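Enquirer: Encoded as structure tokens, here's the structure I'll be asking about.
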Amino acid sequence: MRTQSKIVIVFFLISLTTVVLLSASVYFFINRYSFTDFYKRLEIRGVVTAKATLDHEEASQAVMQEVRALHLEKLPEEQEYFFKIEAGKTFAEEAEALGLPLSFFKTVVETGTATHQAAEIFFAGIRHSGKAGNYVVIVSAANHFGTQLVSYLGTILLIGILAASAFALFVSLVFSRQVFNPVKEITDRVKEISSQSLHLRLEQSRTNDVITELEITFNRMLDRLETAFETQHNFISNASHELSTPLTTIIGEAEVTLSKPRAEAEYTEALHTILHEAERLEKITKSLLFLAQTGFAGKVQKFDKVRVDQLLWDVKDTIDKINPKNKVQINTSLMPDSPEQLKIKGNEQLLHLALMNLVGNACKYSHNQPVTVSIGTAADRVILVIKDAGIGIPQSELKFIYDPFFRASNVKEYEGYGIGLPLTRNIVRLHDGDMQVLSELNKGTTVQLSFPLGHYTLG
């Protein structure tokens with residue numbers, strides 16, 4: 001059964017049950033009140049009748065007869081009975097004659113009042129004590145008005161239940177459509193989206209918070225899927241190019257060299273070319289393997305206490321040896337007083353490699369302009385900020401910077417393989433850190449790293 005149909009049925013049944021229970025309660029209490037009120041009226045008539053009939057004071061009888069005539073309209077099929085209470089009397093004959101249970105008389109004698117219903121006739125009995133003695137006074141009548149009232153009420157309630165049921169069913173259908181129409185529209189829209197049309201998005205023009213949240217979540221998922229497809233495409237394209245280029249060069253150089261006998265110098269030159277391309281291919285292969293290893297969460301790495309400030313100075317020394325023309329400056333103005341606040345738990349070799357990639361890129365893409373590396377702490381985390389004034393990264397390409405082999409469109413003249421940033425991010429993630437890259441074309445790039453302090457426990 002469809003969810004929409006289930007909602008309609010559940011809403012309809014809840015509404016119908018509520019209306020039926022309410023109507024049944026109203027019918028029960030009105031019916032009960034009608035009978036109770038009628039019995040009370042019969043008892044009052046019994047008292048008045050007893051005083052008017054059994055009391056021998058003429059003045060009293062005259063007054064009672066007048067009250068009865070003025071205020072007590074004769075009821076349908078009204079009858080009055082007077083039975084004297086005598087010692088040893090069982091009222092068996094009287095009960096049989098009136099069709100009343102013997103317990104009715106016993107209750108009247110013992111408690112003073114009793115009621116009974118036989119078909120449409122209602123009986124009310126009272127015990128009257130006067131100058132004439134003790135009597136059982138019984139008044140009977142038909143409650144036509146009450147019966148008609150209750151019957152009419154039952155008819156009205158039944159019609160009300162039917163009308164309320166129809167209305168509840170209508171409201172259930174309308175409500176379910178209003179709830180599921182947006183979902184149906186989303187479903188129809190999603191059916192139009194495929195791997196060839198991942199650019200399509202759901203419209204977010206609704207006021208329903210839940211539906212809007214669903215649309216936003218789905219659109220974000222489409223963003224990730226689109227990026228993943230583009231990433232896969234870029235990786236295949238770039239990886240095939242990066243790997244095939246040195247292989248093509250090696251094969252071509254070998255074929256040309258072997259095509260005919262050559263001088264020793266030509267063989268040497270060809271071997272140098274082959275060696276250079278082979279080394280390039282080896283670097284790419286090792287980078288890919290290292291990238292795969294750091295991206296595997298299950299790989300066990302050895303972690304120790306690492307002081308980030310000392311690590312930065314080691315990176316600076318390495319950069320100075322590789323690129324003496326660099327202008328890397330380490331800003332220590334925000335460093336805390338306690339060295340303990342600069343210790344993180346990590347693998348020093350991996351962290352050194354990650355910082356080398358970032359600082360080296362900053363120097364390379366800024367043509368050795370000043371590069372500032374700042375260190376500080378905030379909220380139990382060590383913060384590193386690497387800022388350069390280089391060529392920057394186009395905004396439209398920032399989402400691809402962590403794709404292996406991806407290189408921005410403005411770095412073609414620079415040597416590189418496009419593996420540094422993905423590798424660095426994997427290392428940062430291994431250390432439960434965060435990495436953010438902000439860049440503006442032709443104005444520079446800022447990379448912020450954040451690591452938790454060393455008192456935490458790595459999983």
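Letters A, B, ... go to the chains of the structure tokens in the order shown; residues in each chain start at 1; ligands are counted from 1 in the same order.
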Can you list, as a list in words, all residues belonging to region 240-352 of chain A that DSSP tags as strand (DSSP E or B)?

Expert: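 Going through region 240-352 of chain A, the strand (DSSP E or B) residues come out as Asp304, Lys305, Val306, Arg307, Val328, Gln329, Ile330, Asn331, Lys343, Ile344, Lys345 and Gly346 of chain A.
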
Enquirer: Got time to write the residues from that selection, C-alpha atoms, as an mmCIF file, in the first residue's frame?

Expert:
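Just written: result28.cif:
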```
data_model
loop_
_atom_site.group_PDB
_atom_site.id
_atom_site.type_symbol
_atom_site.label_atom_id
_atom_site.label_comp_id
_atom_site.auth_asym_id
_atom_site.auth_seq_id
_atom_site.Cartn_x
_atom_site.Cartn_y
_atom_site.Cartn_z
ATOM 1 C CA ASP A 304 54.511 10.683 18.778
ATOM 2 C CA LYS A 305 54.506 14.094 20.411
ATOM 3 C CA VAL A 306 55.524 16.676 17.831
ATOM 4 C CA ARG A 307 56.302 20.331 18.544
ATOM 5 C CA VAL A 328 59.948 32.311 3.825
ATOM 6 C CA GLN A 329 59.270 34.183 7.083
ATOM 7 C CA ILE A 330 57.960 32.488 10.234
ATOM 8 C CA ASN A 331 55.679 34.712 12.322
ATOM 9 C CA LYS A 343 52.586 19.875 20.887
ATOM 10 C CA ILE A 344 50.353 17.673 18.780
ATOM 11 C CA LYS A 345 50.221 13.919 18.427
ATOM 12 C CA GLY A 346 51.357 12.871 14.990
#
```

Enquirer: Excluding Leu202 (chain A) and any residue of its chain fewer than 2 positions from it, enumerate the residues within 9 Å of it, using only C-alpha atoms, and give them as a list in words.

Expert: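 Non-adjacent residues within range: Ile186, Arg189, Val190, Leu200, Gln204, Glu215, Ile216, Phe218 and Asn219 of chain A.
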
Enquirer: Please save N, CA and C atoms of the selected residues as a short mmCIF file (atom, residue, chain, number, x, y, z; two decimals), in the first residue's frame.

Expert:
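Listing of selection37.cif after writing:
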```
data_model
loop_
_atom_site.label_atom_id
_atom_site.label_comp_id
_atom_site.auth_asym_id
_atom_site.auth_seq_id
_atom_site.Cartn_x
_atom_site.Cartn_y
_atom_site.Cartn_z
N ILE A 186 9.28 16.39 -6.66
CA ILE A 186 10.70 16.11 -6.49
C ILE A 186 11.06 14.81 -7.20
N ARG A 189 11.17 15.30 -10.88
CA ARG A 189 12.36 16.08 -11.24
C ARG A 189 13.61 15.22 -11.17
N VAL A 190 13.68 14.38 -10.13
CA VAL A 190 14.85 13.53 -9.95
C VAL A 190 14.98 12.52 -11.09
N LEU A 200 21.47 19.64 -13.35
CA LEU A 200 20.09 19.98 -12.95
C LEU A 200 19.97 19.98 -11.43
N GLN A 204 14.02 25.44 -5.04
CA GLN A 204 13.83 25.63 -3.60
C GLN A 204 12.94 26.84 -3.36
N GLU A 215 15.05 19.18 -0.25
CA GLU A 215 15.55 19.71 -1.52
C GLU A 215 16.99 20.20 -1.39
N ILE A 216 17.26 20.90 -0.29
CA ILE A 216 18.62 21.40 -0.07
C ILE A 216 19.60 20.23 0.06
N PHE A 218 19.25 17.19 -1.07
CA PHE A 218 19.40 16.49 -2.35
C PHE A 218 20.27 17.29 -3.31
N ASN A 219 20.09 18.60 -3.32
CA ASN A 219 20.92 19.45 -4.19
C ASN A 219 22.39 19.37 -3.79
#
```

Enquirer: Between A:Ser140, A:Thr285, A:Thr17, A:Thr115, single out the one closest to Ile161 (chain A), counting only C-alpha atoms.

Expert: A:Thr17

Enquirer: For Ile401 (chain A), list every protein, DNA or RNA residue within 12 Å, evaluated using only C-alpha atoms, and leave out those in the same chain fewer than 2 positions away; present the list as a PyMOL selection string.

Expert: chain A and resi 227+230-231+234-235+392-399+403-409+417-425+436-439

Enquirer: Can you check which parts of region 310-337 of chain A lie within 9 Å of region 358-378 of chain A? Per residue, the shortest pair of atoms and distance in Å to one decimal, counting only C-alpha atoms, sorted by chain and number, as JSON lines.

Expert:
```
{"residue": "A:Leu312", "atom": "CA", "partner": "A:Val373", "partner_atom": "CA", "distance": 8.5}
{"residue": "A:Val315", "atom": "CA", "partner": "A:Val359", "partner_atom": "CA", "distance": 8.3}
{"residue": "A:Lys316", "atom": "CA", "partner": "A:Val359", "partner_atom": "CA", "distance": 8.6}
{"residue": "A:Ile319", "atom": "CA", "partner": "A:Gly360", "partner_atom": "CA", "distance": 7.1}
{"residue": "A:Asn323", "atom": "CA", "partner": "A:Cys363", "partner_atom": "CA", "distance": 8.7}
{"residue": "A:Lys325", "atom": "CA", "partner": "A:Asn368", "partner_atom": "CA", "distance": 6.6}
{"residue": "A:Asn326", "atom": "CA", "partner": "A:Asn368", "partner_atom": "CA", "distance": 5.1}
{"residue": "A:Lys327", "atom": "CA", "partner": "A:Pro370", "partner_atom": "CA", "distance": 4.7}
{"residue": "A:Val328", "atom": "CA", "partner": "A:Val371", "partner_atom": "CA", "distance": 4.7}
{"residue": "A:Gln329", "atom": "CA", "partner": "A:Thr372", "partner_atom": "CA", "distance": 4.9}
{"residue": "A:Ile330", "atom": "CA", "partner": "A:Val373", "partner_atom": "CA", "distance": 4.7}
{"residue": "A:Asn331", "atom": "CA", "partner": "A:Ser374", "partner_atom": "CA", "distance": 4.5}
{"residue": "A:Thr332", "atom": "CA", "partner": "A:Ile375", "partner_atom": "CA", "distance": 6.0}
{"residue": "A:Ser333", "atom": "CA", "partner": "A:Ile375", "partner_atom": "CA", "distance": 8.0}
{"residue": "A:Leu334", "atom": "CA", "partner": "A:Gly376", "partner_atom": "CA", "distance": 4.8}
{"residue": "A:Met335", "atom": "CA", "partner": "A:Gly376", "partner_atom": "CA", "distance": 4.6}
{"residue": "A:Pro336", "atom": "CA", "partner": "A:Gly376", "partner_atom": "CA", "distance": 6.7}
```

Enquirer: Restricted to C-alpha atoms, what would the selected residues look like written as a CSV table (one decimal), in the first residue's frame?

Expert:
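File produced: out25.csv:
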```csv
chain,number,residue,atom,x,y,z
A,312,LEU,CA,58.4,24.6,11.1
A,315,VAL,CA,60.9,22.7,7.1
A,316,LYS,CA,62.5,26.2,6.8
A,319,ILE,CA,63.5,24.8,2.0
A,323,ASN,CA,65.7,26.8,-2.8
A,325,LYS,CA,66.3,32.1,-3.1
A,326,ASN,CA,63.2,31.6,-1.0
A,327,LYS,CA,61.8,34.4,1.3
A,328,VAL,CA,59.9,32.3,3.8
A,329,GLN,CA,59.3,34.2,7.1
A,330,ILE,CA,58.0,32.5,10.2
A,331,ASN,CA,55.7,34.7,12.3
A,332,THR,CA,55.9,33.7,16.0
A,333,SER,CA,54.0,36.7,17.5
A,334,LEU,CA,50.9,34.6,18.2
A,335,MET,CA,52.8,31.7,19.8
A,336,PRO,CA,51.7,30.8,23.3
```

Enquirer: Go through A:Ile391, A:Leu42, A:Leu54, A:Val174 one by one, measure the shortest atom-to-atom distance of each to Asn143 (chain A) using only C-alpha atoms, and give the residue with the smallest value.

Expert: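 Closest to Asn143 (chain A) of all the choices is A:Leu42.
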
Enquirer: Quick one, how far is CA of Ile85 (chain A) from CA of Val109 (chain A)?

Expert: 8.0 Å

Enquirer: Quick check, in Å to one decimal: how far apart do CA of Phe451 (chain A) and CA of Arg224 (chain A) lie?

Expert: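 Taking CA of Phe451 (chain A) as the start and CA of Arg224 (chain A) as the end point, the length is 25.6 Å.
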
Enquirer: Enter the distance from CA of Arg381 (chain A) to CA of Pro452 (chain A), in Å, rounded to one decimal.

Expert: 4.4 Å
